[in-house]
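Asker: Sharing a structure below in structure tokens format, with a few things to ask.
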Amino acid sequence: MKDQMNRNEKFISAHRKKDGVAPLFYMITADTTSCYMSFSVASSMFHGMRVKKLYQTAVEEGTNMWAANLGLAQWMYYAPGIFGGGTKKAEKYFLDAIKASQTDFEKFYTYSYYAQFLFESGKKEESSSYMKMAEAICPGSNYIARLKKLNAAGIGLFKYNRDHSGVDKNDDPNATDL
């Protein structure tokens with residue numbers, strides 16, 4: 001994964017000023033980097049601000065970048081205020097992701113993620129409303145069933161992810177360094 005992340009960064013550096021880089025490529029690079037850094041606290045510290053900038057660039061340069069807004073919302077949610085994160089900023093990007101969503105697929109994920117944000121913010125009724133909207137798009141979804149099971153146990157998706165990060169075995173031989 002680190003090799004791909006580095007290749008993406010080299011491409012951005014080589015093409016940003018002369019040819020331009022598609023907003024989607026910035027978002028994909030942010031997603032790749034975000035996944036890579038989930039295996040190490042040191043990596044998170046080293047790459048975290050880069051992920052934020054990549055998502056911001058995708059949002060600023062693209063139209064209807066629902067997924068980049070969703071990625072940035074999650075970044076804002078997890079990042080402490082001292083690094084530019086926070087729940088108020090996260091909510092803005094969750095709502096921007098909802099506004100940018102055009103297809104049922106896009107709405108399904110933005111509604112379900114925003115519902116989890118609301119759940120963890122203590123807004124259970126609003127959360128339930130967004131979960132119902134997501135479920136109406138994809139009735140019988142295993143994903144929604146899993147979220148409901150977590151919520152019934154008093155756990156939101158973001159808390160679950162935070163508590164379980166690093167659980168998966170990383171078999172990338174390059175992941176031990178920054």
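Following the order of the structure tokens, chains are lettered A, B, ..., residues in each are numbered from 1, and ligands are numbered from 1.
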If you run DSSP on the backbone here, which positions in range 81-143 of chain A get alpha helix (DSSP H)? Please write them as a PyMOL selection string.
Answerer: chain A and resi 87-100+104-120+124-137+142-143
Asker: Quick one: residues within 10 Å of Thr63 in chain A, only C-alpha atoms, excluding same-chain residues fewer than 6 positions away - as a PyMOL selection string?
Answerer: chain A and resi 23-24+100
Asker: Please list as a list of chain:residue names every residue within 7 Å of Tyr55 in chain A, counting only C-alpha atoms and excluding residues in the same chain fewer than 5 positions away.
Answerer: A:Tyr26, A:Met27, A:Ala30, A:Ala68, A:Gly71, A:Leu72
Asker: Counting only C-alpha atoms, what is within 8 Å of Trp66 in chain A, bar same-chain residues fewer than 6 positions away, as a list of chain:residue names?
Answerer: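 Selected residues are A:Asp96, A:Ala97, A:Ile98, A:Lys99, A:Ala100, A:Ser101, A:Glu106, A:Thr110.
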Asker: Write the residues of the preceding selection, restricted to N, CA, C and O atoms, as a PDB file, in the first residue's frame.
Answerer:
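Final file, again37.pdb:
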```
ATOM      1  N   ASP A  96     -22.409  18.634   3.441  1.00  0.00           N
ATOM      2  CA  ASP A  96     -21.959  18.885   2.059  1.00  0.00           C
ATOM      3  C   ASP A  96     -21.969  17.595   1.240  1.00  0.00           C
ATOM      4  O   ASP A  96     -22.308  17.603   0.055  1.00  0.00           O
ATOM      5  N   ALA A  97     -21.616  16.480   1.874  1.00  0.00           N
ATOM      6  CA  ALA A  97     -21.647  15.184   1.187  1.00  0.00           C
ATOM      7  C   ALA A  97     -23.085  14.827   0.809  1.00  0.00           C
ATOM      8  O   ALA A  97     -23.344  14.342  -0.303  1.00  0.00           O
ATOM      9  N   ILE A  98     -24.018  15.094   1.715  1.00  0.00           N
ATOM     10  CA  ILE A  98     -25.424  14.821   1.419  1.00  0.00           C
ATOM     11  C   ILE A  98     -25.887  15.683   0.249  1.00  0.00           C
ATOM     12  O   ILE A  98     -26.527  15.187  -0.683  1.00  0.00           O
ATOM     13  N   LYS A  99     -25.536  16.964   0.269  1.00  0.00           N
ATOM     14  CA  LYS A  99     -25.934  17.869  -0.830  1.00  0.00           C
ATOM     15  C   LYS A  99     -25.338  17.438  -2.164  1.00  0.00           C
ATOM     16  O   LYS A  99     -25.971  17.581  -3.203  1.00  0.00           O
ATOM     17  N   ALA A 100     -24.119  16.936  -2.145  1.00  0.00           N
ATOM     18  CA  ALA A 100     -23.440  16.544  -3.386  1.00  0.00           C
ATOM     19  C   ALA A 100     -23.884  15.173  -3.893  1.00  0.00           C
ATOM     20  O   ALA A 100     -23.667  14.843  -5.055  1.00  0.00           O
ATOM     21  N   SER A 101     -24.524  14.392  -3.041  1.00  0.00           N
ATOM     22  CA  SER A 101     -24.966  13.041  -3.424  1.00  0.00           C
ATOM     23  C   SER A 101     -26.055  13.128  -4.478  1.00  0.00           C
ATOM     24  O   SER A 101     -27.033  13.859  -4.313  1.00  0.00           O
ATOM     25  N   GLU A 106     -24.896   6.891  -3.574  1.00  0.00           N
ATOM     26  CA  GLU A 106     -24.244   7.983  -2.856  1.00  0.00           C
ATOM     27  C   GLU A 106     -25.068   8.410  -1.643  1.00  0.00           C
ATOM     28  O   GLU A 106     -24.534   8.619  -0.548  1.00  0.00           O
ATOM     29  N   THR A 110     -24.008   8.375   2.389  1.00  0.00           N
ATOM     30  CA  THR A 110     -23.948   9.645   3.120  1.00  0.00           C
ATOM     31  C   THR A 110     -24.986   9.670   4.233  1.00  0.00           C
ATOM     32  O   THR A 110     -24.684  10.137   5.337  1.00  0.00           O
TER      33      THR A 110
END
```
Asker: Can you work out which one of A:Met5, A:Leu70, A:Met65, A:Ala22 has the shortest atom-to-atom distance to Tyr109 in chain A, counting only C-alpha atoms?
Answerer: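 Of A:Met5, A:Leu70, A:Met65, A:Ala22, the one nearest Tyr109 in chain A is A:Leu70, counting only C-alpha atoms.
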Asker: Figure out the distance between CA of Lys159 in chain A and CA of Asp3 in chain A, please, to one decimal in Å.
Answerer: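 Between these atoms lies a distance of 29.5 Å.
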Asker: Which distance in Å separates CA of Leu157 in chain A and CA of Gly81 in chain A, to one decimal?
Answerer: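 So the answer is 20.4 Å.
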